[in-house]
Protein chains: 6
Amino acid sequence: MYELGVVYRNITRADRTAADGLGALGSATVHEAMGRVGLMKPYMRPIYPGAQVSGTAVTVLLHPGDNWMMHVVAEQIQPGDIVVAAITADCTDGYFGDLLATSFQARGARALIIDAGVRDVKELQKMNFPVWSKAISSKGCIKSTIGSVNIPVVCAGMIVHPGDVIVADDDSVVCVPQALAAKTLAAAQAREANEGEKRAKLASGLLGLDMYKMREPLAAAGLKYID
Amino acid sequence: MYELGVVYRNITRADRTAADGLGALGSATVHEAMGRVGLMKPYMRPIYPGAQVSGTAVTVLLHPGDNWMMHVVAEQIQPGDIVVAAITADCTDGYFGDLLATSFQARGARALIIDAGVRDVKELQKMNFPVWSKAISSKGCIKSTIGSVNIPVVCAGMIVHPGDVIVADDDSVVCVPQALAAKTLAAAQAREANEGEKRAKLASGLLGLDMYKMREPLAAAGLKYID
Amino acid sequence: MYELGVVYRNITRADRTAADGLGALGSATVHEAMGRVGLMKPYMRPIYPGAQVSGTAVTVLLHPGDNWMMHVVAEQIQPGDIVVAAITADCTDGYFGDLLATSFQARGARALIIDAGVRDVKELQKMNFPVWSKAISSKGCIKSTIGSVNIPVVCAGMIVHPGDVIVADDDSVVCVPQALAAKTLAAAQAREANEGEKRAKLASGLLGLDMYKMREPLAAAGLKYID
Amino acid sequence: MYELGVVYRNITRADRTAADGLGALGSATVHEAMGRVGLMKPYMRPIYPGAQVSGTAVTVLLHPGDNWMMHVVAEQIQPGDIVVAAITADCTDGYFGDLLATSFQARGARALIIDAGVRDVKELQKMNFPVWSKAISSKGCIKSTIGSVNIPVVCAGMIVHPGDVIVADDDSVVCVPQALAAKTLAAAQAREANEGEKRAKLASGLLGLDMYKMREPLAAAGLKYID
Amino acid sequence: MYELGVVYRNITRADRTAADGLGALGSATVHEAMGRVGLMKPYMRPIYPGAQVSGTAVTVLLHPGDNWMMHVVAEQIQPGDIVVAAITADCTDGYFGDLLATSFQARGARALIIDAGVRDVKELQKMNFPVWSKAISSKGCIKSTIGSVNIPVVCAGMIVHPGDVIVADDDSVVCVPQALAAKTLAAAQAREANEGEKRAKLASGLLGLDMYKMREPLAAAGLKYID
Amino acid sequence: MYELGVVYRNITRADRTAADGLGALGSATVHEAMGRVGLMKPYMRPIYPGAQVSGTAVTVLLHPGDNWMMHVVAEQIQPGDIVVAAITADCTDGYFGDLLATSFQARGARALIIDAGVRDVKELQKMNFPVWSKAISSKGCIKSTIGSVNIPVVCAGMIVHPGDVIVADDDSVVCVPQALAAKTLAAAQAREANEGEKRAKLASGLLGLDMYKMREPLAAAGLKYID
């Protein structure tokens, strides 16, 4: 499926304003604005709480237990990018630690999303370099087999093309295809705009049943109340 | 197994004093006081550390990927309740976020226990609304199929009847049947009363082997010391 | 496989200086210094973040749901030890809580590594007694069947002999065989010594590709750049 | 939650004709006839393919690694019963083998449903005694702690009351509450009656889209065809 | 990520000769011939042993617990196709049984590959309609939300485009991109051609160490023999 | 923990008569005869049903995704051996297929026990070469990093020393330390000798409660019968 042994140097990135704007809205709002798609699987977790980022995807495909291509992808990072790392088979080894993070951060990367393990998590938190991963593990990697950079990859169940927008927070990681970034930003902002009013109503004691006018469809669906 | 499409409005709740008193004792002590039963499975974890609550159960049964009944159960919440949500098949979708939490909190709910996923965890922590869940996920839900409210449900492997007492902390979630609440509180308090003295003895260097008089039964069981 | 019903009282412990020195280096560096071996499986996680310890292993083998031997191993603890607990079959029950921790700490134990569950995690954090475990659970144990103390055990996939050095931090748990402790300390310190310079170079923008001279071997392996 | 240390000797069993009739219809049809509820979790698998049974539930609650109560439940078996075994915490040990199966079969049991492990699976197949279980394991059990017989239990996520009907086949295990057995049989038979005609139509090339008149609702839901 | 609510009717399919030829070679040989890529995750298992098929992919994206689109995709099947079903979130429900299989088979489908559950597995085996799935479950589905047909999907970790070749057997499921089908067939056949001779040599006692001339590189890598 | 890069050529093997005799008794009886220890974890499953073997262990340690050492271990096989393969980190790749099986079988190996994946399972069954593994997968391996042969390894949670006896059947895989082989054989045969009589009694309707005289200890433990 994957094209192996290639590095695409010239990729198109999603519009910077859209990519940056989506981060503030968070993964839940962005995912809903796309029609409830785009999420990576929930086993992807932040290595420390509180980080919320967005950026343009630079992708890398690696082999199990082999992190050679991490050094190759580092060169392709531009400021505002997020590296998305996929592995050709399930692996929890620690592909990434504080040295690679130093390099990624120096290149302008905002985060790493990796369908495998990472290490040096205490140092990564001190560096303020967030990672979303499947595992935390000190297990070291070899540098033996080449993969690819900036090809479409599947990371935690989701297709990511180079240049797509990634939004990640304490809830989830979501991928917004480049072509939909601006439209999704608008839809997500519209969605967000409604939330304040709704929250105030619910806080005052109004029920969702009434606010969303659900009583009639629930009754039509057969819901019975028993005293 | 489950009665579908019904909302029981008038449930009996466990005695409020017992329900409130059990919270301070924590899940481990309460579970021991019941004879080492009543625990939900350990995959249930708090979405943030430090919360410790107890309350009376209001139950809701939902379908995979469908959170319609969350709005129905909101109306049945009374101050001091904890909502216990079960799903008819395994699901990690995000059934609950800050808007529903606002509504639940306005109704007086103290927590949510859900055998599925939740989202907006950063906001939930700011709101001081604790949740114990199987997953954290931004995945949104539809509102299409009705379930039930206040029927007995199985949540994370444990039967919960409406009105039972739920105790949840950083260790586990435990369910105390309504009829046993007062008796369990007394037993748990008696258990707790002994702990201070034991802790002091152990801290001074006394061994459990001697404090609990285990040397003889261990020898009887065949334990051999080899120098 | 296991010798049952025995307690070895006189074990040889790894050299104290080596055992203590390895802790500061962390699990990733130590594991690399041994040739990328020695790690327990990544499902072992600290019950709270931030702890980093090393010590000499005192081992205990227990049966599922039975923590009787925890009291037996307590007596064998010497200051600077770390208790390593293995179970004869998979189990997530809570084998250990604040009372046992009080006793272990009074004996001089620095930590517990257990391939099962623990409870009272909030109190353990207050006591500053770190645990790495497979699960957190209030489920109580019986005291019915004897196991062994200070025999070689398999904990989370790794063989641990009594007296080996254990290093544990936010990344992983690693076991250094007693005979290799001094040599591993030297190798790990040498490794660490290089890292500062590397970090500075990478922070300045130098790529790993150049610093490690990877461009040629990557080209030899067939890597192609496409513009 | 569970009442410990009791054996209920006089339970009411579901109507024999209904219990027997449900077996021939299979778990999928029965589950649908109840409104898509009643299934145990899909990790429950038959130890050999091809068995399809139904019977009335005799329940037993056991502790992890302890199969003492298996001998207690044996005495409560009547011809046509299926034993449903639940454990107070997750366990994969082998609670049941050919000796217990010989005893169960001599008492008239038709099958065992157990949320744990079994062993001697080759002999069980030769004896034609089917088991649905979570695991297969030779791990032996102790006989140390009492549980209960014929109390309501949670087995693989489903509440089972003594006397309920169990239907199990290569697909799943489903529990039909005693009070619903006759009604469910009628509904399942009606469902089954339609299937032959539907199958013939689909085999002839008619599409479900047309047979179920789905084209209009799909279009209403917004489905677009693109050439 | 996914385009929702669309059915692409006119897809290009891989060359029929290549698609058919790849089936006889099996998933391992085909996967190696592509450079060790293209495999779905190993949790995908055949519902009965012995089937080995290949065909052109028709894809369908469904929502958790909703199999409405299965009827939509049926109409798009042409003889020689294999249906590849992906779900927008993890789900083990039974999306497919003997009625849908009758329809798929009538349309000329050779198999179903589904990242979820199926039911009626005994009947499917009798019909000789193979399925590779993540689970077996009687859990029924609703028909409420639309997905898409013939868009690129991620199934069990692998990207599948409509028209790609699917090869499935007792080992694994592999996807060969349409554009690589002919080339992969040639490479796989060349690989296969060598195997007979190798097998004969190994059967005669020749070691792989000698046949593949590994002794020298092993020694160069530092391997030591100890008597 | 592991010594890397070494092949021990001269190992002592368990007594052949004991090694062969244990096979007929099966994993459950042997495990009980050792005191309920020695089992690998239950995720190890035979790739086809019905095989039951015993033999002397030849061990091999490999790295994730790298099967180079499989060729090295082949040379160390003697007739009657069973190869036990451990991996330095979790991996499900297909380390072994019909070519390696041809070589192993030519050397006299009776089986492979591997804590990873295998492929060509249909051919392996035809060859009558049984394998117990964690996974089935076509994923191919590289040959890049050396491990070791005939060092003590941990396979599926159990320590195996070269020369130990392995017994494997449809239930489990058990390891009998070389020094205990003869004693375990005697104990297992004694255990087996009792089983025929017990089976006959249970088949005639005698209850285990009476045969094992459990009624008194159950009453002493507090068991209550309720009519």
# chains A, B, ... in the order shown; residues from 1 in each chain; ligands from 1
>>> interface_residues(of="chain C", to="chain F", cutoff="7 Å", atoms="only C-alpha atoms", output="PyMOL selection string")
chain C and resi 1-2+37-38+88+154+157-159+175-177
>>> residues_around(residues="range 115-120 of chain E", least_positions_apart="5", cutoff="9 Å", atoms="only C-alpha atoms", output="VMD selection string")
(chain D and resid 26 28 42 170 to 172) or (chain E and resid 44 47 64 84 to 87 90 to 98 125 131 to 140 155 to 156)
>>> residues_around(residues="Met214 in chain E", least_positions_apart="2", cutoff="12 Å", atoms="only C-alpha atoms", output="mmCIF file with N, CA and C atoms, in the first residue's frame")
data_model
loop_
_atom_site.group_PDB
_atom_site.id
_atom_site.type_symbol
_atom_site.label_atom_id
_atom_site.label_comp_id
_atom_site.auth_asym_id
_atom_site.auth_seq_id
_atom_site.Cartn_x
_atom_site.Cartn_y
_atom_site.Cartn_z
ATOM 1 N N LEU E 207 21.127 -26.247 5.889
ATOM 2 C CA LEU E 207 20.691 -25.186 6.790
ATOM 3 C C LEU E 207 20.514 -23.865 6.045
ATOM 4 N N GLY E 208 19.559 -23.058 6.500
ATOM 5 C CA GLY E 208 19.405 -21.714 5.958
ATOM 6 C C GLY E 208 20.695 -20.915 6.119
ATOM 7 N N LEU E 209 21.425 -21.157 7.210
ATOM 8 C CA LEU E 209 22.718 -20.499 7.437
ATOM 9 C C LEU E 209 23.639 -20.635 6.237
ATOM 10 N N ASP E 210 23.605 -21.844 5.623
ATOM 11 C CA ASP E 210 24.480 -22.088 4.471
ATOM 12 C C ASP E 210 23.803 -21.700 3.161
ATOM 13 N N MET E 211 22.519 -22.042 3.055
ATOM 14 C CA MET E 211 21.797 -21.756 1.816
ATOM 15 C C MET E 211 21.751 -20.249 1.545
ATOM 16 N N TYR E 212 21.563 -19.479 2.590
ATOM 17 C CA TYR E 212 21.501 -18.023 2.421
ATOM 18 C C TYR E 212 22.844 -17.349 2.708
ATOM 19 N N GLU E 216 28.850 -15.584 7.538
ATOM 20 C CA GLU E 216 29.787 -14.472 7.545
ATOM 21 C C GLU E 216 29.161 -13.187 8.105
ATOM 22 N N PRO E 217 28.000 -12.782 7.583
ATOM 23 C CA PRO E 217 27.407 -11.561 8.178
ATOM 24 C C PRO E 217 27.060 -11.724 9.662
ATOM 25 N N LEU E 218 26.693 -12.916 10.088
ATOM 26 C CA LEU E 218 26.424 -13.111 11.513
ATOM 27 C C LEU E 218 27.693 -12.909 12.339
ATOM 28 N N ALA E 219 28.779 -13.453 11.857
ATOM 29 C CA ALA E 219 30.050 -13.269 12.562
ATOM 30 C C ALA E 219 30.446 -11.791 12.563
ATOM 31 N N ALA E 220 30.230 -11.141 11.420
ATOM 32 C CA ALA E 220 30.549 -9.709 11.328
ATOM 33 C C ALA E 220 29.710 -8.905 12.319
ATOM 34 N N ALA E 221 28.483 -9.357 12.543
ATOM 35 C CA ALA E 221 27.618 -8.662 13.503
ATOM 36 C C ALA E 221 27.997 -8.975 14.940
ATOM 37 N N LEU E 223 28.268 -12.303 16.375
ATOM 38 C CA LEU E 223 27.747 -13.523 16.985
ATOM 39 C C LEU E 223 28.893 -14.445 17.416
ATOM 40 N N TRP F 68 16.301 -13.205 12.080
ATOM 41 C CA TRP F 68 17.605 -13.723 11.648
ATOM 42 C C TRP F 68 18.024 -14.934 12.497
ATOM 43 N N MET F 69 17.808 -14.840 13.803
ATOM 44 C CA MET F 69 18.276 -15.890 14.706
ATOM 45 C C MET F 69 17.524 -17.216 14.527
ATOM 46 N N MET F 70 16.396 -17.195 13.817
ATOM 47 C CA MET F 70 15.691 -18.456 13.553
ATOM 48 C C MET F 70 16.594 -19.416 12.760
ATOM 49 N N HIS F 71 17.388 -18.849 11.878
ATOM 50 C CA HIS F 71 18.307 -19.688 11.107
ATOM 51 C C HIS F 71 19.456 -20.182 11.971
ATOM 52 N N VAL F 72 19.832 -19.371 12.940
ATOM 53 C CA VAL F 72 20.917 -19.776 13.839
ATOM 54 C C VAL F 72 20.453 -20.896 14.770
ATOM 55 N N LYS F 143 16.412 -9.305 8.614
ATOM 56 C CA LYS F 143 17.514 -10.076 9.190
ATOM 57 C C LYS F 143 18.653 -9.102 9.403
ATOM 58 N N SER F 144 18.632 -8.435 10.562
ATOM 59 C CA SER F 144 19.542 -7.310 10.749
ATOM 60 C C SER F 144 20.275 -7.315 12.084
ATOM 61 N N ILE F 146 21.464 -9.303 15.792
ATOM 62 C CA ILE F 146 21.641 -10.622 16.403
ATOM 63 C C ILE F 146 21.054 -10.665 17.805
#
>>> atom_distance(atom1="CA of Ala101 in chain D", atom2="CA of Val83 in chain D")
10.9 Å
>>> select_by_dssp(residues="range 66-119 of chain D", states="strand (DSSP E or B)", output="list of chain:residue names")
D:Asp66, D:Asp81, D:Ile82, D:Val83, D:Val84, D:Ala85, D:Ala86, D:Ile87, D:Gly94, D:Ala111, D:Leu112, D:Ile113, D:Ile114, D:Asp115, D:Ala116, D:Gly117, D:Val118
>>> select_by_dssp(residues="range 42-78 of chain E", states="alpha helix (DSSP H)", output="ChimeraX atom specification")
/E:68-76
>>> residues_around(residues="Ala187 in chain E", least_positions_apart="4", cutoff="10 Å", atoms="only C-alpha atoms", output="NGL selection string")
:E and (29-30 or 32-34 or 181-183 or 191-193)
>>> decode(residues="range 80-112 of chain A", atoms="N, CA, C and O atoms", output="CSV table (one decimal), in the first residue's frame")
chain,number,residue,atom,x,y,z
A,80,GLY,N,5.5,25.5,12.4
A,80,GLY,CA,4.1,25.3,12.3
A,80,GLY,C,3.7,23.9,12.0
A,80,GLY,O,2.5,23.6,12.0
A,81,ASP,N,4.6,23.1,11.7
A,81,ASP,CA,4.3,21.7,11.4
A,81,ASP,C,4.1,20.8,12.6
A,81,ASP,O,4.6,21.1,13.7
A,82,ILE,N,3.3,19.7,12.4
A,82,ILE,CA,3.2,18.7,13.4
A,82,ILE,C,3.6,17.4,12.7
A,82,ILE,O,3.1,17.1,11.7
A,83,VAL,N,4.5,16.6,13.3
A,83,VAL,CA,5.0,15.4,12.7
A,83,VAL,C,4.0,14.3,13.1
A,83,VAL,O,3.6,14.1,14.2
A,84,VAL,N,3.5,13.5,12.0
A,84,VAL,CA,2.6,12.4,12.2
A,84,VAL,C,3.4,11.1,11.8
A,84,VAL,O,3.7,11.0,10.7
A,85,ALA,N,3.6,10.2,12.8
A,85,ALA,CA,4.4,9.0,12.5
A,85,ALA,C,3.5,7.8,12.6
A,85,ALA,O,2.9,7.5,13.6
A,86,ALA,N,3.6,7.0,11.5
A,86,ALA,CA,2.9,5.7,11.4
A,86,ALA,C,3.9,4.6,11.3
A,86,ALA,O,5.1,4.8,10.8
A,87,ILE,N,3.5,3.4,11.8
A,87,ILE,CA,4.5,2.3,11.8
A,87,ILE,C,3.8,1.2,10.9
A,87,ILE,O,2.6,1.0,10.9
A,88,THR,N,4.6,0.4,10.2
A,88,THR,CA,4.1,-0.7,9.3
A,88,THR,C,3.5,-1.9,10.1
A,88,THR,O,2.8,-2.7,9.5
A,89,ALA,N,3.7,-2.0,11.4
A,89,ALA,CA,3.1,-3.0,12.2
A,89,ALA,C,3.0,-2.5,13.6
A,89,ALA,O,3.8,-1.7,14.0
A,90,ASP,N,2.1,-3.1,14.4
A,90,ASP,CA,2.0,-2.6,15.8
A,90,ASP,C,3.3,-2.7,16.6
A,90,ASP,O,4.0,-3.7,16.5
A,91,CYS,N,3.6,-1.6,17.3
A,91,CYS,CA,4.8,-1.5,18.0
A,91,CYS,C,4.7,-0.5,19.1
A,91,CYS,O,4.1,0.5,19.0
A,92,THR,N,5.2,-0.8,20.3
A,92,THR,CA,5.2,0.2,21.4
A,92,THR,C,6.6,0.7,21.8
A,92,THR,O,6.7,1.4,22.8
A,93,ASP,N,7.6,0.5,21.0
A,93,ASP,CA,8.9,0.9,21.3
A,93,ASP,C,9.0,2.4,21.4
A,93,ASP,O,8.2,3.1,20.8
A,94,GLY,N,10.0,2.9,22.1
A,94,GLY,CA,10.2,4.3,22.3
A,94,GLY,C,11.0,4.9,21.1
A,94,GLY,O,12.2,5.0,21.1
A,95,TYR,N,10.3,5.4,20.1
A,95,TYR,CA,10.9,6.0,18.9
A,95,TYR,C,11.5,7.3,19.1
A,95,TYR,O,12.2,7.8,18.1
A,96,PHE,N,11.2,8.0,20.1
A,96,PHE,CA,11.4,9.5,20.2
A,96,PHE,C,11.7,9.9,21.7
A,96,PHE,O,11.0,9.4,22.6
A,97,GLY,N,12.8,10.7,21.9
A,97,GLY,CA,13.1,11.2,23.2
A,97,GLY,C,13.5,12.6,23.2
A,97,GLY,O,13.3,13.3,22.2
A,98,ASP,N,14.2,13.0,24.2
A,98,ASP,CA,14.5,14.5,24.3
A,98,ASP,C,15.5,15.0,23.2
A,98,ASP,O,15.4,16.1,22.8
A,99,LEU,N,16.4,14.1,22.7
A,99,LEU,CA,17.3,14.6,21.7
A,99,LEU,C,16.6,14.9,20.4
A,99,LEU,O,16.7,16.0,19.8
A,100,LEU,N,15.8,14.0,20.0
A,100,LEU,CA,15.0,14.2,18.7
A,100,LEU,C,14.0,15.4,19.0
A,100,LEU,O,13.8,16.2,18.0
A,101,ALA,N,13.5,15.5,20.2
A,101,ALA,CA,12.5,16.6,20.4
A,101,ALA,C,13.3,17.9,20.3
A,101,ALA,O,12.7,18.9,19.8
A,102,THR,N,14.5,18.0,20.8
A,102,THR,CA,15.3,19.2,20.6
A,102,THR,C,15.5,19.6,19.2
A,102,THR,O,15.3,20.7,18.8
A,103,SER,N,15.7,18.6,18.4
A,103,SER,CA,15.9,18.8,16.9
A,103,SER,C,14.6,19.3,16.3
A,103,SER,O,14.5,20.2,15.5
A,104,PHE,N,13.5,18.6,16.6
A,104,PHE,CA,12.2,18.9,16.0
A,104,PHE,C,11.8,20.3,16.4
A,104,PHE,O,11.3,21.1,15.6
A,105,GLN,N,12.0,20.6,17.7
A,105,GLN,CA,11.6,22.0,18.2
A,105,GLN,C,12.5,23.0,17.5
A,105,GLN,O,12.0,24.1,17.2
A,106,ALA,N,13.8,22.8,17.3
A,106,ALA,CA,14.6,23.7,16.7
A,106,ALA,C,14.2,24.0,15.2
A,106,ALA,O,14.4,25.1,14.7
A,107,ARG,N,13.6,23.0,14.6
A,107,ARG,CA,13.1,23.1,13.2
A,107,ARG,C,11.7,23.8,13.2
A,107,ARG,O,11.2,24.1,12.1
A,108,GLY,N,11.1,24.0,14.3
A,108,GLY,CA,9.8,24.6,14.4
A,108,GLY,C,8.6,23.7,14.5
A,108,GLY,O,7.4,24.2,14.4
A,109,ALA,N,8.8,22.5,14.8
A,109,ALA,CA,7.7,21.6,15.0
A,109,ALA,C,6.9,21.9,16.3
A,109,ALA,O,7.6,22.3,17.3
A,110,ARG,N,5.6,21.7,16.3
A,110,ARG,CA,4.8,22.0,17.4
A,110,ARG,C,4.5,20.8,18.3
A,110,ARG,O,4.0,20.9,19.4
A,111,ALA,N,4.5,19.6,17.7
A,111,ALA,CA,4.1,18.4,18.4
A,111,ALA,C,4.5,17.2,17.5
A,111,ALA,O,4.8,17.3,16.4
A,112,LEU,N,4.4,16.0,18.2
A,112,LEU,CA,4.5,14.8,17.5
A,112,LEU,C,3.3,13.9,17.8
A,112,LEU,O,2.8,13.9,19.0
